[in-house]
2 protein chains.
Amino acid sequence: MRVGELSRRTGVSVPTIKYYVREGLLPTGELSSPNQARYDEAHVRRLRLVRALIDVGGLSVAAIKDVLEAVEDPGRSVHAVLGAAHDHIAPRQGGPEDAARDAARRRVTELIARRGWEVDDANPAARSLADALAALSRLGHDRFAEVSLEAYADAAERVAETDVAYVASEVAREDVVEGAVVGTVLGDVVFASLRRLAQVDASSRTYDPERGW
Amino acid sequence: MRVGELSRRTGVSVPTIKYYVREGLLPTGELSSPNQARYDEAHVRRLRLVRALIDVGGLSVAAIKDVLEAVEDPGRSVHAVLGAAHDHIAPRQGGPEDAARDAARRRVTELIARRGWEVDDANPAARSLADALAALSRLGHDRFAEVSLEAYADAAERVAETDVAYVASEVAREDVVEGAVVGTVLGDVVFASLRRLAQVDASSRTYDPERGW
């Protein structure tokens with residue numbers, strides 16, 4: 001198909017498609033004449049993946065480029081690609097280096113050991129978890145890690161088992177890898193949205209407007 | 001304390017503190033002389049809240065301003081403030097208006113009814129959930145909603161119950177509201193990080209590097 005049809009099929013404008021080709025997010029189409037390239041179903045699929053990662057996942061063009069390079073490297077194992085993808089789609093990290101951060105890092109190391117999780121302390125998700133716990137601690141919410149962290153970890157294990165079982169049911173290597181990337185990014189949004197909805201429901205049962213709450 | 005000590009206590013630079021005061025994120029200090037303002041513990045706490053929402057939560061200055069206005073309006077019930085906060089800290093939304101989106105919206109409405117959740121279909125989280133499911137569907141992952149959505153919803157209910165119980169144990173109204181905002185934003189990061197760690201663990205048990213996976 002020509003670029004105009006690719007645009008109609010995906011809802012992505014022609015200038016944006018050309019920008020993605022220049023940035024290496026989308027392979028060049030096959031040249032059918034010096035000024036005209038032809039695209040196929042693989043381009044449609046790739047373009048939908050890029051738009052999902054940008055629109056719903058909030059990833060930058062640079063992060064998507066890195067993730068796609070890892071996906072397309074046939075020498076990497078699925079587990080290694082997941083690691084590379086996680087490096088680029090880690091939750092946000094930040095905050096000062098202080099005693100709260102040191103204590104939060106120790107807490108994360110202990111949690112990983114207690115759960116028996118086979119993960120490296122240097123995993124970016126371990127860092128983002130420590131950053132979030134440190135921020136909670138600075139705000140006087142040390143109690144969160146004591147009261148709620150295990151329930152979060154139980155729920156996260158359940159979701160992760162579902163994720164890995166979902167992806168493992170794919171047959172082709174590229175489907176496994178693409179599914180893992182998509183599932184990680186879009187799964188965050190799915191879970192955060194469901195958590196909000198369930199919070200509204202739980203809060204409507206907990207707070208009584210007659211008390212002014 | 002003077003602005004220099006407020007800066008040392010929180011790790012936020014003096015120009016940034018002044019910027020937050022101008023933007024209305026931080027109340028003006030009490031003027032002790034025409035050129036010098038004094039700050040107190042309430043400023044330390046507010047500044048830590050603002051930094052956590054920016055650094056870890058990734059919120060914009062404009063979004064934080066709106067959330068803080070809702071928090072500080074004593075006329076609003078806790079449930080109403082949660083609603084206002086959710087409007088500003090909804091997961092990302094986006095993607096084309098197409099048949100996939102229409103089908104995803106119907107699926108979300110059915111899920112809410114099936115779960116018996118007391119929430120409005122117009123809740124921003126219902127929209128972001130539909131957007132994520134629509135993006136998955138466009139990528140050929142309709143199966144996700146069939147296979148994994150209920151497990152996600154079970155886990156989300158468990159986390160939301162924990163969240164509401166945690167916040168409800170606060171006594172003062174302003175602590176309840178602040179705790180809810182902090183817990184929603186930082187809780188997303190905590191859960192997403194834990195999910196990544198549990199995924200790495202589950203994937204290390206599922207994929208055998210000897211198979212090239």
# chains A, B, ... in the order shown; residues from 1 in each chain; ligands from 1
$ interface_residues --of "chain B" --to "chain A" --cutoff "6 Å" --atoms "only C-alpha atoms" --output "JSON, numbers by chain"
{"B": [52, 55, 56, 77, 78, 92, 93, 94, 95, 117, 118, 125, 129, 132, 135, 152, 155, 156, 157, 159, 160, 186, 190, 193, 194, 195, 198, 199, 201, 212, 213]}
$ closest_residue --among "B:Glu41, B:Asp66, B:Asp142, B:Glu5" --to "Leu25 in chain B" --atoms "only C-alpha atoms"
B:Asp66
$ residues_around --residues "Ala37 in chain A" --least-positions-apart "3" --cutoff "10 Å" --atoms "only C-alpha atoms" --output "ChimeraX atom specification"
/A:1-3,28-34
$ select_by_dssp --residues "range 17-208 of chain A" --states "strand (DSSP E or B)" --output "list in words"
Glu30, Leu31, Ser32, Ser33, Gln36, Ala37 and Arg38 of chain A
$ write_last_selection --atoms "N, CA and C atoms" --output "PDB file, in the first residue's frame"
ATOM      1  N   GLU A  30       9.311  -0.379   0.729  1.00  0.00           N
ATOM      2  CA  GLU A  30      10.017  -0.818  -0.476  1.00  0.00           C
ATOM      3  C   GLU A  30       9.783   0.211  -1.586  1.00  0.00           C
ATOM      4  N   LEU A  31      10.854   0.686  -2.216  1.00  0.00           N
ATOM      5  CA  LEU A  31      10.699   1.714  -3.251  1.00  0.00           C
ATOM      6  C   LEU A  31      10.125   1.093  -4.527  1.00  0.00           C
ATOM      7  N   SER A  32       8.926   1.572  -4.909  1.00  0.00           N
ATOM      8  CA  SER A  32       8.337   1.064  -6.142  1.00  0.00           C
ATOM      9  C   SER A  32       8.670   2.007  -7.301  1.00  0.00           C
ATOM     10  N   SER A  33       9.063   3.218  -6.987  1.00  0.00           N
ATOM     11  CA  SER A  33       9.606   4.163  -7.975  1.00  0.00           C
ATOM     12  C   SER A  33      10.479   5.110  -7.161  1.00  0.00           C
ATOM     13  N   GLN A  36       8.362   6.860  -4.593  1.00  0.00           N
ATOM     14  CA  GLN A  36       7.203   6.239  -3.970  1.00  0.00           C
ATOM     15  C   GLN A  36       7.580   4.927  -3.286  1.00  0.00           C
ATOM     16  N   ALA A  37       7.196   4.826  -2.017  1.00  0.00           N
ATOM     17  CA  ALA A  37       7.506   3.612  -1.254  1.00  0.00           C
ATOM     18  C   ALA A  37       6.217   2.842  -1.012  1.00  0.00           C
ATOM     19  N   ARG A  38       6.357   1.517  -0.939  1.00  0.00           N
ATOM     20  CA  ARG A  38       5.195   0.664  -0.666  1.00  0.00           C
ATOM     21  C   ARG A  38       5.337   0.076   0.732  1.00  0.00           C
TER      22      ARG A  38
END
